[in-house]
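Below is one structure, written out as structure tokens; comments come after it.
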Amino acid sequence: MMNTSSPQRIDTMPWYGWLFMLLALGSIIGSLLMLRDNAGSNKVSKETIARVKAREAELAAEEAQEEKR
């Protein structure tokens, strides 16, 4: 007698699984490209830099004063 059973079928991922993976990959790549394009556009005004440096100096002075105690 001959074996008439069909060959084993290897289940693959359904089409919507591939679609989801492509959308996720596209979203990640798109986000990285947008981040790269906007990386140099975060200009900080000189006024803001001066305020940050002044605050850092205040904190350093407070820490130095607390260490003396």
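We name chains A, B, ... following the order of the structure tokens; residues begin at 1 in each chain, and ligands are numbered from 1 as shown.
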
- Looking only at the backbone, which of the residues in chain A does DSSP tag as helix (DSSP H, G or I), as a VMD selection string? chain A and resid 15 to 37 39 to 41 46 to 68

How would the residues just chosen look if you wrote them out with N, CA and C atoms as a CSV table (one decimal), in the first residue's frame?
```csv
chain,number,residue,atom,x,y,z
A,15,TRP,N,-0.4,36.9,7.0
A,15,TRP,CA,0.0,38.2,6.3
A,15,TRP,C,-0.1,39.4,7.2
A,16,TYR,N,-1.1,39.3,8.1
A,16,TYR,CA,-1.2,40.5,9.0
A,16,TYR,C,-0.1,40.6,10.1
A,17,GLY,N,0.5,39.4,10.3
A,17,GLY,CA,1.7,39.5,11.2
A,17,GLY,C,2.9,40.2,10.5
A,18,TRP,N,3.1,39.9,9.2
A,18,TRP,CA,4.1,40.5,8.5
A,18,TRP,C,3.8,42.0,8.3
A,19,LEU,N,2.5,42.3,8.1
A,19,LEU,CA,2.1,43.7,8.0
A,19,LEU,C,2.4,44.5,9.3
A,20,PHE,N,2.1,43.9,10.4
A,20,PHE,CA,2.4,44.5,11.7
A,20,PHE,C,3.9,44.7,11.9
A,21,MET,N,4.7,43.8,11.5
A,21,MET,CA,6.1,43.9,11.7
A,21,MET,C,6.7,45.0,10.8
A,22,LEU,N,6.2,45.1,9.6
A,22,LEU,CA,6.6,46.1,8.6
A,22,LEU,C,6.2,47.5,9.2
A,23,LEU,N,5.0,47.6,9.7
A,23,LEU,CA,4.6,48.9,10.2
A,23,LEU,C,5.4,49.3,11.4
A,24,ALA,N,5.7,48.4,12.3
A,24,ALA,CA,6.5,48.7,13.5
A,24,ALA,C,7.9,49.1,13.0
A,25,LEU,N,8.5,48.4,12.1
A,25,LEU,CA,9.9,48.7,11.6
A,25,LEU,C,9.9,50.1,10.9
A,26,GLY,N,8.8,50.4,10.1
A,26,GLY,CA,8.7,51.7,9.5
A,26,GLY,C,8.6,52.8,10.5
A,27,SER,N,7.8,52.5,11.6
A,27,SER,CA,7.7,53.5,12.6
A,27,SER,C,9.0,53.8,13.3
A,28,ILE,N,9.7,52.8,13.6
A,28,ILE,CA,11.0,53.0,14.3
A,28,ILE,C,12.0,53.7,13.4
A,29,ILE,N,12.1,53.3,12.1
A,29,ILE,CA,13.0,54.0,11.2
A,29,ILE,C,12.6,55.4,11.0
A,30,GLY,N,11.3,55.7,10.8
A,30,GLY,CA,10.8,57.1,10.6
A,30,GLY,C,11.1,57.9,11.8
A,31,SER,N,10.9,57.4,13.0
A,31,SER,CA,11.2,58.2,14.2
A,31,SER,C,12.7,58.5,14.3
A,32,LEU,N,13.6,57.5,14.0
A,32,LEU,CA,15.0,57.8,14.0
A,32,LEU,C,15.4,58.8,13.0
A,33,LEU,N,14.8,58.8,11.8
A,33,LEU,CA,15.1,59.8,10.8
A,33,LEU,C,14.7,61.2,11.2
A,34,MET,N,13.5,61.3,11.8
A,34,MET,CA,13.0,62.6,12.3
A,34,MET,C,13.9,63.1,13.4
A,35,LEU,N,14.4,62.2,14.3
A,35,LEU,CA,15.2,62.6,15.4
A,35,LEU,C,16.6,63.1,14.8
A,36,ARG,N,17.1,62.5,13.8
A,36,ARG,CA,18.3,62.9,13.2
A,36,ARG,C,18.2,64.3,12.5
A,37,ASP,N,17.0,64.5,11.9
A,37,ASP,CA,16.8,65.8,11.2
A,37,ASP,C,16.7,66.9,12.2
A,39,ALA,N,18.0,67.1,15.2
A,39,ALA,CA,19.0,67.1,16.3
A,39,ALA,C,19.7,68.4,16.5
A,40,GLY,N,20.0,69.2,15.4
A,40,GLY,CA,20.7,70.4,15.5
A,40,GLY,C,19.8,71.6,15.7
A,41,SER,N,18.5,71.5,15.8
A,41,SER,CA,17.6,72.6,15.8
A,41,SER,C,17.2,73.1,17.2
A,46,LYS,N,21.1,82.7,24.8
A,46,LYS,CA,22.2,83.0,25.7
A,46,LYS,C,21.6,83.4,27.1
A,47,GLU,N,20.5,83.9,27.1
A,47,GLU,CA,19.8,84.2,28.4
A,47,GLU,C,19.6,83.0,29.2
A,48,THR,N,19.1,82.0,28.6
A,48,THR,CA,18.8,80.7,29.3
A,48,THR,C,20.1,80.1,29.8
A,49,ILE,N,21.1,80.1,28.9
A,49,ILE,CA,22.4,79.5,29.3
A,49,ILE,C,23.0,80.3,30.5
A,50,ALA,N,22.8,81.6,30.6
A,50,ALA,CA,23.3,82.4,31.7
A,50,ALA,C,22.5,82.0,33.0
A,51,ARG,N,21.2,81.8,32.8
A,51,ARG,CA,20.4,81.5,34.0
A,51,ARG,C,20.8,80.1,34.6
A,52,VAL,N,21.1,79.2,33.7
A,52,VAL,CA,21.5,77.8,34.1
A,52,VAL,C,22.8,77.9,34.8
A,53,LYS,N,23.8,78.6,34.2
A,53,LYS,CA,25.1,78.7,34.9
A,53,LYS,C,25.0,79.4,36.2
A,54,ALA,N,24.1,80.4,36.3
A,54,ALA,CA,24.0,81.1,37.6
A,54,ALA,C,23.4,80.1,38.7
A,55,ARG,N,22.4,79.3,38.3
A,55,ARG,CA,21.8,78.4,39.2
A,55,ARG,C,22.8,77.3,39.6
A,56,GLU,N,23.7,76.9,38.6
A,56,GLU,CA,24.7,75.9,39.0
A,56,GLU,C,25.7,76.5,40.0
A,57,ALA,N,26.0,77.7,39.8
A,57,ALA,CA,26.9,78.4,40.8
A,57,ALA,C,26.3,78.5,42.2
A,58,GLU,N,25.0,78.8,42.2
A,58,GLU,CA,24.3,78.8,43.5
A,58,GLU,C,24.3,77.5,44.2
A,59,LEU,N,24.0,76.4,43.4
A,59,LEU,CA,24.0,75.1,44.0
A,59,LEU,C,25.4,74.7,44.5
A,60,ALA,N,26.4,75.0,43.7
A,60,ALA,CA,27.8,74.7,44.1
A,60,ALA,C,28.1,75.4,45.4
A,61,ALA,N,27.7,76.7,45.5
A,61,ALA,CA,28.0,77.4,46.7
A,61,ALA,C,27.3,76.8,47.9
A,62,GLU,N,26.0,76.4,47.7
A,62,GLU,CA,25.3,75.8,48.8
A,62,GLU,C,25.9,74.5,49.2
A,63,GLU,N,26.3,73.7,48.3
A,63,GLU,CA,27.0,72.4,48.6
A,63,GLU,C,28.3,72.6,49.4
A,64,ALA,N,29.1,73.6,49.0
A,64,ALA,CA,30.3,73.9,49.6
A,64,ALA,C,30.0,74.4,51.1
A,65,GLN,N,29.0,75.2,51.2
A,65,GLN,CA,28.6,75.6,52.6
A,65,GLN,C,28.2,74.5,53.5
A,66,GLU,N,27.4,73.5,52.9
A,66,GLU,CA,27.0,72.4,53.7
A,66,GLU,C,28.1,71.5,54.0
A,67,GLU,N,29.1,71.4,53.2
A,67,GLU,CA,30.3,70.5,53.5
A,67,GLU,C,31.1,71.1,54.6
A,68,LYS,N,31.1,72.4,54.8
A,68,LYS,CA,31.9,73.1,55.8
A,68,LYS,C,31.3,72.8,57.2
```
